[in-house]
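Pasting work-v9.txt here (compact mmCIF, C-alpha atoms and all ligand atoms):
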# COMPACT_ATOMS: atom_id res chain seq x y z
CA MET A 7 -9.67 20.08 -48.17
CA ILE A 8 -12.92 18.36 -47.24
CA LEU A 9 -12.11 15.29 -45.19
CA GLN A 10 -13.86 12.09 -46.19
CA PRO A 11 -15.06 9.26 -43.94
CA LEU A 12 -12.69 6.34 -43.46
CA LYS A 13 -14.17 3.17 -44.93
CA ILE A 14 -12.89 -0.11 -43.56
CA GLY A 15 -14.83 -2.81 -45.38
CA ASP A 16 -18.44 -2.41 -44.27
CA LEU A 17 -17.50 -0.06 -41.40
CA THR A 18 -17.74 3.67 -41.94
CA ILE A 19 -15.78 5.90 -39.58
CA GLN A 20 -17.40 9.27 -40.17
CA ARG A 21 -14.31 11.28 -39.26
CA PRO A 22 -11.07 9.72 -40.56
CA ILE A 23 -9.37 9.80 -37.15
CA ILE A 24 -8.32 6.76 -35.15
CA GLN A 25 -7.35 7.42 -31.55
CA GLY A 26 -4.19 5.37 -31.02
CA GLY A 27 -4.24 2.66 -28.36
CA MET A 28 -2.36 3.75 -25.21
CA GLY A 29 -1.26 1.42 -22.45
CA VAL A 30 -1.08 1.00 -19.54
CA GLY A 31 -4.58 2.22 -18.78
CA ILE A 32 -4.40 5.48 -20.75
CA SER A 33 -6.95 4.51 -23.41
CA ARG A 34 -9.65 2.36 -21.94
CA SER A 35 -13.43 2.63 -22.29
CA SER A 36 -13.93 6.29 -21.32
CA LEU A 37 -11.59 7.67 -23.96
CA ALA A 38 -12.23 5.10 -26.68
CA GLY A 39 -16.01 5.27 -26.22
CA ALA A 40 -15.99 9.08 -26.39
CA VAL A 41 -13.86 9.17 -29.56
CA SER A 42 -16.13 6.65 -31.29
CA TYR A 43 -19.21 8.57 -30.18
CA GLU A 44 -17.71 11.67 -31.81
CA GLY A 45 -17.39 9.84 -35.12
CA GLY A 46 -13.74 8.72 -34.90
CA LEU A 47 -12.52 5.24 -34.05
CA GLY A 48 -11.65 4.85 -30.38
CA ILE A 49 -9.07 2.22 -29.50
CA ILE A 50 -8.62 0.48 -26.15
CA SER A 51 -5.12 -0.78 -25.34
CA THR A 52 -5.06 -4.23 -23.74
CA ALA A 53 -1.56 -3.79 -22.24
CA GLN A 54 -2.08 -4.64 -18.53
CA ILE A 55 -5.58 -3.17 -18.88
CA GLY A 56 -6.69 -4.90 -15.67
CA TYR A 57 -4.04 -3.22 -13.49
CA ASP A 58 -6.70 -1.92 -11.10
CA GLU A 59 -8.98 -4.96 -11.16
CA PRO A 60 -9.29 -7.00 -7.96
CA GLY A 61 -7.12 -10.08 -8.38
CA PHE A 62 -4.55 -8.42 -10.65
CA ASP A 63 -1.79 -8.96 -8.10
CA THR A 64 -2.30 -12.71 -8.08
CA ASP A 65 -3.44 -13.47 -11.65
CA GLN A 66 -2.66 -10.78 -14.19
CA ASN A 67 -3.96 -12.75 -17.15
CA LYS A 68 -7.39 -13.36 -15.63
CA ALA A 69 -7.71 -9.73 -14.51
CA ASN A 70 -6.66 -8.47 -17.94
CA LEU A 71 -9.15 -10.67 -19.79
CA GLU A 72 -11.95 -9.57 -17.46
CA ALA A 73 -10.98 -5.95 -17.99
CA ILE A 74 -10.92 -6.39 -21.78
CA ARG A 75 -14.53 -7.71 -21.65
CA LYS A 76 -15.63 -4.91 -19.33
CA HIS A 77 -14.00 -2.05 -21.24
CA VAL A 78 -15.02 -3.16 -24.72
CA LYS A 79 -18.64 -3.49 -23.61
CA ARG A 80 -18.56 -0.15 -21.79
CA ALA A 81 -16.93 1.64 -24.73
CA LYS A 82 -19.63 0.32 -27.06
CA GLU A 83 -22.26 1.63 -24.66
CA ILE A 84 -20.61 5.06 -24.53
CA SER A 85 -20.29 5.13 -28.33
CA HIS A 86 -23.94 4.09 -28.70
CA GLY A 87 -22.87 1.13 -30.77
CA ARG A 88 -20.49 2.96 -33.08
CA PRO A 89 -17.37 0.91 -33.94
CA VAL A 90 -14.72 0.52 -31.26
CA GLY A 91 -11.31 -1.10 -31.68
CA VAL A 92 -8.68 -2.74 -29.54
CA ASN A 93 -4.89 -2.51 -29.71
CA VAL A 94 -2.99 -5.68 -28.83
CA MET A 95 0.80 -5.58 -28.73
CA VAL A 96 2.47 -8.64 -30.27
CA ALA A 97 5.13 -8.54 -27.56
CA LEU A 98 2.51 -9.29 -24.87
CA LYS A 99 2.03 -12.61 -23.15
CA ASN A 100 -1.38 -14.17 -23.88
CA TYR A 101 -1.65 -12.30 -27.18
CA GLU A 102 -4.10 -14.80 -28.67
CA ALA A 103 -6.38 -14.68 -25.61
CA HIS A 104 -6.42 -10.86 -25.70
CA VAL A 105 -7.45 -10.88 -29.36
CA ARG A 106 -10.13 -13.57 -28.96
CA THR A 107 -11.56 -12.02 -25.79
CA ALA A 108 -11.76 -8.57 -27.38
CA ILE A 109 -13.67 -10.00 -30.35
CA GLU A 110 -16.05 -12.00 -28.13
CA ALA A 111 -16.75 -8.79 -26.20
CA GLY A 112 -17.70 -6.96 -29.41
CA ALA A 113 -14.55 -5.24 -30.69
CA ASP A 114 -15.03 -4.25 -34.33
CA VAL A 115 -11.33 -3.79 -35.10
CA ILE A 116 -7.99 -5.17 -33.88
CA ILE A 117 -4.85 -3.11 -34.44
CA SER A 118 -1.59 -4.87 -33.66
CA GLY A 119 2.05 -3.81 -33.57
CA ALA A 120 5.14 -3.82 -31.31
CA GLY A 121 6.29 -6.90 -33.17
CA LEU A 122 5.05 -8.63 -36.30
CA PRO A 123 1.44 -9.83 -35.97
CA VAL A 124 2.05 -12.79 -38.28
CA HIS A 125 -0.64 -15.06 -36.76
CA LEU A 126 -3.35 -12.46 -36.22
CA PRO A 127 -5.61 -13.72 -39.08
CA LYS A 128 -5.75 -17.17 -37.48
CA TYR A 129 -7.42 -15.72 -34.37
CA THR A 130 -9.88 -13.46 -36.18
CA LYS A 131 -10.92 -15.75 -39.06
CA GLY A 132 -14.67 -15.94 -39.61
CA THR A 133 -15.47 -13.29 -36.99
CA GLY A 134 -15.96 -10.25 -39.23
CA CYS A 135 -13.57 -8.30 -37.00
CA LYS A 136 -11.33 -6.01 -39.08
CA ILE A 137 -7.56 -6.32 -38.66
CA ALA A 138 -4.66 -3.94 -39.17
CA PRO A 139 -0.94 -4.33 -38.62
CA ILE A 140 1.12 -1.36 -37.44
CA VAL A 141 4.20 -0.96 -39.63
CA SER A 142 7.02 1.55 -39.74
CA SER A 143 8.81 0.44 -42.93
CA VAL A 144 8.16 -1.05 -46.36
CA LYS A 145 10.10 -4.09 -45.21
CA ALA A 146 7.74 -4.78 -42.31
CA ALA A 147 4.65 -4.14 -44.47
CA GLU A 148 5.88 -6.59 -47.12
CA LEU A 149 6.80 -9.20 -44.57
CA ILE A 150 3.43 -9.17 -42.82
CA LEU A 151 1.28 -8.95 -45.94
CA ARG A 152 3.27 -11.67 -47.74
CA ASN A 153 2.98 -13.88 -44.68
CA TRP A 154 -0.78 -13.35 -44.32
CA GLU A 155 -1.27 -14.12 -48.01
CA LYS A 156 0.84 -17.28 -47.95
CA LYS A 157 -0.32 -18.72 -44.65
CA TYR A 158 -3.91 -17.53 -44.42
CA ASN A 159 -4.81 -16.47 -47.97
CA CYS A 160 -6.03 -13.13 -46.67
CA THR A 161 -4.86 -9.57 -46.35
CA ALA A 162 -5.21 -6.58 -44.04
CA ASP A 163 -8.48 -4.65 -43.77
CA PHE A 164 -6.37 -1.52 -43.28
CA VAL A 165 -2.78 -0.66 -42.41
CA VAL A 166 -1.43 1.77 -39.80
CA ILE A 167 1.92 3.37 -40.63
CA GLU A 168 3.59 4.63 -37.47
CA GLY A 169 6.40 7.09 -38.05
CA PRO A 170 9.37 8.15 -35.92
CA LYS A 171 7.52 11.04 -34.21
CA ALA A 172 5.08 8.75 -32.40
CA GLY A 173 4.83 8.26 -28.66
CA GLY A 174 5.41 4.97 -26.88
CA HIS A 175 7.37 2.14 -28.43
CA LEU A 176 8.88 2.88 -31.81
CA GLY A 177 9.56 0.50 -34.69
CA PHE A 178 12.98 2.00 -35.39
CA LYS A 179 16.51 1.61 -34.09
CA LYS A 180 17.25 4.14 -31.34
CA GLU A 181 19.80 6.00 -33.46
CA GLN A 182 17.38 6.22 -36.42
CA VAL A 183 14.55 7.86 -34.52
CA THR A 184 15.83 11.41 -34.51
CA LEU A 185 17.79 11.19 -37.75
CA ILE A 186 15.01 10.46 -40.23
CA SER A 187 13.88 13.69 -41.90
CA ASP A 188 10.23 14.48 -42.62
CA ASP A 189 10.89 14.22 -46.37
CA GLU A 190 12.60 10.86 -46.01
CA TYR A 191 9.71 9.49 -44.01
CA ASP A 192 7.12 10.94 -46.41
CA SER A 193 8.77 8.96 -49.15
CA GLU A 194 8.73 5.81 -46.97
CA ILE A 195 5.00 6.38 -46.41
CA LYS A 196 4.44 6.61 -50.17
CA SER A 197 6.39 3.38 -50.72
CA ILE A 198 4.40 1.56 -48.05
CA ILE A 199 1.16 2.76 -49.66
CA LYS A 200 2.43 1.42 -53.01
CA THR A 201 3.11 -1.97 -51.43
CA VAL A 202 -0.33 -2.03 -49.82
CA LYS A 203 -1.89 -1.23 -53.23
CA LEU A 204 -0.35 -4.41 -54.69
CA TYR A 205 -2.26 -6.44 -52.09
CA SER A 206 -5.35 -4.37 -52.67
CA SER A 207 -5.27 -5.44 -56.36
CA LYS A 208 -4.40 -9.05 -55.55
CA PHE A 209 -7.34 -9.40 -53.17
CA ASN A 210 -9.60 -7.04 -55.06
CA LYS A 211 -10.45 -5.02 -51.97
CA GLU A 212 -9.80 -1.53 -50.68
CA ILE A 213 -7.09 -1.45 -48.00
CA PRO A 214 -7.05 2.06 -46.53
CA VAL A 215 -3.81 3.29 -45.00
CA VAL A 216 -3.73 5.42 -41.87
CA VAL A 217 -0.69 7.48 -40.86
CA ALA A 218 0.39 7.96 -37.23
CA GLY A 219 3.11 9.80 -35.33
CA GLY A 220 3.26 13.52 -34.62
CA ILE A 221 -0.10 14.36 -36.20
CA PHE A 222 -1.16 17.48 -34.33
CA ASP A 223 -3.79 19.36 -36.32
CA TYR A 224 -5.97 19.62 -39.40
CA ASN A 225 -3.01 20.62 -41.60
CA ASP A 226 -1.11 17.48 -40.56
CA ILE A 227 -4.18 15.40 -41.40
CA CYS A 228 -4.40 17.06 -44.83
CA HIS A 229 -0.69 16.40 -45.37
CA ALA A 230 -1.09 12.69 -44.58
CA ILE A 231 -4.01 12.50 -46.99
CA SER A 232 -1.98 14.27 -49.69
CA LEU A 233 0.57 11.44 -49.40
CA GLY A 234 -2.16 8.91 -50.21
CA ALA A 235 -3.46 8.03 -46.74
CA SER A 236 -7.19 7.70 -46.02
CA GLY A 237 -6.94 8.83 -42.42
CA VAL A 238 -4.72 9.32 -39.40
CA GLN A 239 -4.08 7.77 -36.03
CA ILE A 240 -3.51 10.27 -33.22
CA ALA A 241 -2.66 9.42 -29.62
CA SER A 242 -0.88 12.14 -27.60
CA ARG A 243 -3.47 14.82 -28.24
CA PHE A 244 -6.16 12.60 -26.74
CA VAL A 245 -4.29 12.35 -23.44
CA ALA A 246 -5.14 15.99 -22.73
CA THR A 247 -8.88 15.38 -22.73
CA TYR A 248 -11.30 15.14 -19.82
CA GLU A 249 -12.34 11.69 -21.00
CA CYS A 250 -8.82 10.20 -21.15
CA ASP A 251 -8.55 7.34 -18.64
CA ALA A 252 -5.28 8.60 -17.07
CA CYS A 253 -5.29 10.49 -13.77
CA ASP A 254 -5.20 14.32 -13.71
CA GLU A 255 -1.52 14.43 -12.66
CA TYR A 256 -0.58 12.45 -15.79
CA LYS A 257 -2.55 14.82 -18.01
CA GLN A 258 -0.93 17.83 -16.30
CA THR A 259 2.52 16.46 -17.20
CA TYR A 260 1.48 16.69 -20.83
CA ILE A 261 0.36 20.30 -20.38
CA ASP A 262 3.61 21.22 -18.61
CA ALA A 263 5.99 19.40 -21.01
CA LYS A 264 8.17 21.50 -23.30
CA GLU A 265 9.80 20.39 -26.54
CA ASP A 266 13.13 19.91 -24.74
CA ASP A 267 11.59 17.48 -22.25
CA ILE A 268 11.17 14.70 -24.81
CA VAL A 269 13.60 11.80 -24.57
CA ILE A 270 14.12 8.42 -26.17
CA VAL A 271 14.48 5.60 -23.67
CA MET A 272 15.17 1.92 -24.18
CA SER A 273 12.32 -0.31 -23.06
CA PRO A 274 12.44 -3.90 -21.79
CA VAL A 275 10.15 -4.61 -24.78
CA GLY A 276 13.38 -4.37 -26.78
CA MET A 277 12.39 -1.22 -28.64
CA PRO A 278 13.14 2.44 -28.08
CA GLY A 279 10.29 4.51 -26.71
CA ARG A 280 9.52 8.23 -26.66
CA ALA A 281 8.72 9.65 -23.24
CA ILE A 282 8.75 12.81 -21.15
CA GLU A 283 11.94 13.28 -19.14
CA ASN A 284 11.29 13.07 -15.42
CA GLU A 285 12.83 11.75 -12.21
CA PHE A 286 12.24 8.15 -13.30
CA VAL A 287 13.92 8.59 -16.69
CA ARG A 288 16.94 10.30 -15.08
CA ARG A 289 17.23 7.43 -12.58
CA ILE A 290 17.21 4.65 -15.18
CA LYS A 291 19.81 6.53 -17.22
CA GLU A 292 22.18 6.29 -14.26
CA ASN A 293 21.35 2.89 -12.83
CA PRO A 294 19.03 -0.01 -13.54
CA ILE A 295 16.15 -0.49 -11.09
CA SER A 296 16.14 -4.13 -10.11
CA VAL A 297 12.88 -5.97 -10.62
CA SER A 298 11.47 -7.31 -7.36
CA ARG A 299 8.42 -9.00 -8.86
CA CYS A 300 7.22 -9.97 -12.32
CA PHE A 301 3.80 -8.97 -13.67
CA ASN A 302 3.97 -11.42 -16.59
CA CYS A 303 3.49 -8.79 -19.28
CA LEU A 304 5.96 -9.67 -22.01
CA GLU A 305 6.44 -12.89 -23.93
CA LYS A 306 10.19 -12.30 -23.94
CA CYS A 307 11.57 -10.68 -20.80
CA ASN A 308 14.21 -11.71 -18.34
CA PRO A 309 13.41 -9.79 -15.13
CA ALA A 310 16.97 -10.35 -13.89
CA LYS A 311 18.42 -8.57 -16.92
CA VAL A 312 16.06 -5.69 -17.78
CA PRO A 313 16.95 -2.13 -16.64
CA TYR A 314 13.51 -1.72 -14.99
CA CYS A 315 10.06 -3.30 -14.99
CA ILE A 316 8.00 -1.75 -17.77
CA THR A 317 4.67 -2.75 -16.20
CA LYS A 318 5.56 -1.25 -12.82
CA ALA A 319 6.81 1.97 -14.45
CA LEU A 320 3.67 2.39 -16.56
CA ILE A 321 1.27 1.54 -13.71
CA ASN A 322 3.05 4.04 -11.46
CA ALA A 323 2.53 6.67 -14.15
CA VAL A 324 -1.16 6.04 -14.78
CA GLU A 325 -1.84 6.04 -11.04
CA GLY A 326 -0.12 9.40 -10.56
CA ASN A 327 3.09 8.18 -8.90
CA LEU A 328 4.93 10.16 -11.54
CA ASP A 329 8.42 10.34 -10.07
CA GLU A 330 8.56 6.56 -10.32
CA GLY A 331 6.63 6.31 -13.57
CA LEU A 332 7.36 6.25 -17.28
CA ILE A 333 5.24 8.75 -19.20
CA PHE A 334 5.16 7.94 -22.89
CA ALA A 335 4.38 10.83 -25.24
CA GLY A 336 4.70 11.80 -28.90
CA SER A 337 7.17 14.36 -30.23
CA ASN A 338 4.54 17.12 -30.34
CA VAL A 339 3.56 16.97 -26.69
CA GLY A 340 5.25 20.36 -26.10
CA ARG A 341 2.51 21.99 -28.19
CA ILE A 342 -0.33 20.70 -26.04
CA ASN A 343 -1.34 23.41 -23.57
CA LYS A 344 -4.83 22.73 -22.31
CA ILE A 345 -7.26 20.01 -21.46
CA VAL A 346 -10.33 19.91 -23.66
CA SER A 347 -13.25 17.58 -24.24
CA VAL A 348 -13.03 14.89 -26.91
CA HIS A 349 -15.92 16.71 -28.62
CA GLU A 350 -13.90 19.95 -28.84
CA LEU A 351 -10.74 18.16 -29.95
CA MET A 352 -12.49 16.21 -32.70
CA ASP A 353 -14.20 19.36 -33.99
CA GLU A 354 -10.85 21.18 -33.97
CA LEU A 355 -9.02 18.36 -35.75
CA VAL A 356 -11.44 18.21 -38.67
CA LYS A 357 -12.03 21.99 -38.60
CA GLU A 358 -15.66 21.08 -38.25
CA SER A 359 -15.55 19.91 -41.88
CA ILE A 360 -17.46 16.77 -40.98
CA LYS A 361 -20.31 17.12 -38.52
CA VAL A 362 -21.44 14.05 -36.67
CA SER A 363 -25.04 13.71 -35.78
CA ASN A 364 -25.43 13.07 -32.07
CA ILE A 365 -27.22 10.00 -30.92
CA ALA A 366 -29.55 10.70 -28.02
C1 LIG B 401 1.04 7.13 -23.60
C2 LIG B 401 1.14 6.30 -24.85
C3 LIG B 401 0.94 4.94 -24.78
C4 LIG B 401 0.97 4.15 -25.95
N1 LIG B 401 0.69 2.83 -25.86
C5 LIG B 401 0.61 2.07 -26.98
C6 LIG B 401 0.20 0.71 -26.92
O1 LIG B 401 -0.17 0.18 -25.86
N2 LIG B 401 0.20 -0.01 -28.08
C7 LIG B 401 0.57 0.55 -29.28
O2 LIG B 401 0.57 -0.14 -30.31
N3 LIG B 401 0.93 1.86 -29.35
C8 LIG B 401 0.94 2.62 -28.26
N4 LIG B 401 1.25 3.96 -28.35
C9 LIG B 401 1.42 4.58 -29.70
C10 LIG B 401 0.10 5.26 -30.16
O3 LIG B 401 -0.94 4.33 -30.30
C11 LIG B 401 0.22 6.07 -31.46
O4 LIG B 401 0.36 5.28 -32.60
C12 LIG B 401 1.32 7.12 -31.47
O5 LIG B 401 1.55 7.64 -30.21
C13 LIG B 401 0.92 8.23 -32.43
O6 LIG B 401 1.72 9.35 -32.29
P1 LIG B 401 1.23 10.69 -31.52
O7 LIG B 401 1.19 10.34 -30.08
O8 LIG B 401 2.28 11.68 -31.88
O9 LIG B 401 -0.14 11.06 -32.06
C14 LIG B 401 1.24 4.76 -27.21
C15 LIG B 401 1.48 6.13 -27.25
C16 LIG B 401 1.41 6.91 -26.11
C17 LIG B 401 1.62 8.39 -26.21
Write out the structure in this file as structure tokens.
Amino acid sequence: MILQPLKIGDLTIQRPIIQGGMGVGISRSSLAGAVSYEGGLGIISTAQIGYDEPGFDTDQNKANLEAIRKHVKRAKEISHGRPVGVNVMVALKNYEAHVRTAIEAGADVIISGAGLPVHLPKYTKGTGCKIAPIVSSVKAAELILRNWEKKYNCTADFVVIEGPKAGGHLGFKKEQVTLISDDEYDSEIKSIIKTVKLYSSKFNKEIPVVVAGGIFDYNDICHAISLGASGVQIASRFVATYECDACDEYKQTYIDAKEDDIVIVMSPVGMPGRAIENEFVRRIKENPISVSRCFNCLEKCNPAKVPYCITKALINAVEGNLDEGLIFAGSNVGRINKIVSVHELMDELVKESIKVSNIA
């Protein structure tokens, strides 16, 4: 199969691969810029993106907004102006400010999930920035698209379908995650695409659909396209790249992980998440870790009641304090066995079927 570019309105992504947003600090400007330079669409996650900025300890919101500006600009420099996107989780505090700041800084695309991004069009109206909800079911797709039509008389520029094999937070009930078969989810994907097509006709515009979760290689990309998708979103594979913004110890955990090391944990976000089993995961299974300070990350969180602080756990991980950190990963992490450059990975993923001309 010859892969075709992914067209999102007037944007052309030469290779139909979106690198999934990864917080905290895993996909910032180095990774996202490199992926976009290689002809994919690099995505920066805004989740506590300013964790290492001066002033983060006293004012997380200010530090995060500064870091959004800095990383979007830097990613666009690395990509030589090729499109770069930003992932903003609905569950975050200051959601609107993250979206608006990313657009002001030059983000071409906003992808939003971990909740229903029902007000996203209000914040992006008139900016030309492309928007996509992340959905895991027909029900969620219908709800968001119906809402956007009714309230804002607009629709998505593209849709990301995230399946049960993804890393990080999952849009499924904990008990569903491991029970859904590949065939069952393929049929859900087809139904979501059907729903999206209705809105495509209503608004007389193409709405490409991108499939995420457990996409490992060229054959998986071809499979997603055979279901009717126009591209894929891949995250875990990009962690094992030189350009990924995580520290080397984090990347090594990916290389060392075996299939049996994958676990589903409950997150204070209120969703299950897929992670690599480690000391931290074993500890929270036994006992909650009381929260000594709040980093103001989630709109809805009661620090006195959650089993651990998600921000603290994710910052520990990205900084290499792995025994006290939560390491999110997709179901295929056991198959990743070496660190490569984004250039090599992108070439491998498309089987070199689409060459990208380098910009000097
Ligand atoms: C380390 C890690 C962090 C993630 N963080 C986010 C995030 O901040 N926001 C989000 O919407 N999805 C997040 N995800 C989900 C990815 O963007 C992506 O959709 C998913 O992992 C795709 O599955 P794959 O990892 O099997 O390719 C994260 C995934 C990983 C592995």
Practice item. Find the residue from A:Glu325, A:Glu102, A:Glu212, A:Glu354 that sits nearest to A:Glu305; use all atoms listed in the file when measuring. Key: A:Glu102
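Residues with any atom within 12 Å of A:Pro313, counting all atoms listed in the file and excluding same-chain neighbours fewer than 5 positions away, are Val271, Met272, Ser273, Pro274, Val275, Gly276, Phe286, Val287, Arg289, Ile290, Lys291, Glu292, Asn293, Pro294, Ile295, Ser296, Val297, Ser298, Cys307, Asn308 and Ala319 of chain A.
Each of A:Arg152, A:Arg75, A:Arg34, A:Lys208 was checked against ligand LIG 401 (chain B) using all atoms listed in the file; the smallest atom-to-atom distance is that of A:Arg34.
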Listing only residues of chain A within 6 Å of ligand LIG 401 (chain B), what is the closest atom pair and its distance in Å (to one decimal) for each, using all atoms listed in the file, sorted by chain and residue number ascending, as a tab-separated table?
residue	atom	partner	partner_atom	distance
A:Gly26	CA	B:LIG401	O3	3.5
A:Gly27	CA	B:LIG401	O3	4.2
A:Met28	CA	B:LIG401	N1	3.3
A:Gly29	CA	B:LIG401	O1	3.8
A:Ser51	CA	B:LIG401	O1	5.1
A:Ala53	CA	B:LIG401	O1	5.5
A:Asn93	CA	B:LIG401	N2	5.9
A:Met95	CA	B:LIG401	N2	5.6
A:Gly119	CA	B:LIG401	O2	5.1
A:Ala120	CA	B:LIG401	O2	6.0
A:Glu168	CA	B:LIG401	O4	5.9
A:Lys171	CA	B:LIG401	O8	5.8
A:Ala172	CA	B:LIG401	O6	3.4
A:Gly173	CA	B:LIG401	O5	3.7
A:Gly174	CA	B:LIG401	C15	4.1
A:Ala218	CA	B:LIG401	C13	4.8
A:Gly219	CA	B:LIG401	O6	3.4
A:Gly220	CA	B:LIG401	O8	3.4
A:Ile221	CA	B:LIG401	O9	5.3
A:Ile240	CA	B:LIG401	O9	3.7
A:Ala241	CA	B:LIG401	O9	3.9
A:Ser242	CA	B:LIG401	O7	3.7
A:Phe334	CA	B:LIG401	C1	4.3
A:Ala335	CA	B:LIG401	C17	3.8
A:Gly336	CA	B:LIG401	O8	3.8
A:Ser337	CA	B:LIG401	O8	5.8
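Counting from atom CA of A:Val96, the distance to atom CA of A:Ile55 is 15.0 Å.
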Review point. What does the distance from atom CA of A:Leu320 to atom CA of A:Leu332 come to in Å, to one decimal?
Key: 5.4 Å
**Study point:** Shortest interatomic distance to A:Asp63 - which of A:Ile23, A:Ile270, A:Ile150, A:Cys300, counting all atoms listed in the file
**Key:** A:Cys300
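If all atoms listed in the file are the atoms counted, then among A:Glu44, A:Cys253, A:Ala147, A:Ile345 the closest residue to A:Ile321 is A:Cys253.
The spacing separating atom CA of A:Asn327 from atom CA of A:Tyr57 amounts to 14.2 Å.
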Check your understanding: A:Ala162: which residues within 7 Å, counting all atoms listed in the file, same-chain residues fewer than 3 positions away excluded, as a ChimeraX atom specification?
Key -> /A:137-138,165,213
Output C-alpha atoms for every residue in the selection just made, as a CSV table (one decimal), keeping the file's coordinate frame.
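Done, and the output landed in again19.csv:
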chain,number,residue,atom,x,y,z
A,137,ILE,CA,-7.6,-6.3,-38.7
A,138,ALA,CA,-4.7,-3.9,-39.2
A,165,VAL,CA,-2.8,-0.7,-42.4
A,213,ILE,CA,-7.1,-1.4,-48.0
Check your understanding: Which is closer to A:Gln20 than all the others in A:Asn343, A:Asn322, A:Ser363, A:Thr130, using all atoms listed in the file?
Key -> A:Ser363
Check your understanding: Leaving out stretch 77-88 of chain A and any residue of its chain fewer than 6 positions from it, which residues lie within 7 Å of it when counting only C-alpha atoms, given as number ranges by chain?
Key -> A: 34-36, 38-40, 42-43, 108, 111-113
Review point. Around (-9.8, 8.9, -31.2) in the file's frame, which residues reach within 6 Å when counting all atoms listed in the file? Return as a list in words?
Key: Ile24, Gln25, Val41, Gly46, Leu47 and Gly48 of chain A
How big is the axis-aligned box around the listed atoms of stretch 221-235 of chain A once 6 Å is added on each side, and where is its centre? Give both in Å to one decimal, as lines of an AutoDock Vina configuration file.
center_x = -2.7
center_y = 14.3
center_z = -42.3
size_x = 18.5
size_y = 24.6
size_z = 27.9
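With all atoms listed in the file as the basis for measurement, A:Cys303 is the residue among A:Cys303, A:Val269, A:Ile14, A:Val144 that approaches A:Thr52 most closely.
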Check your understanding: Which neighbours of stretch 243-247 of chain A fall inside 8 Å, counting only C-alpha atoms, when residues of the same chain fewer than 4 positions from it are skipped, and could you give them as an MDAnalysis selection string?
Key -> chainID A and resid 25 32 37 222 252 257:258 260:261 339 342 344:348 351
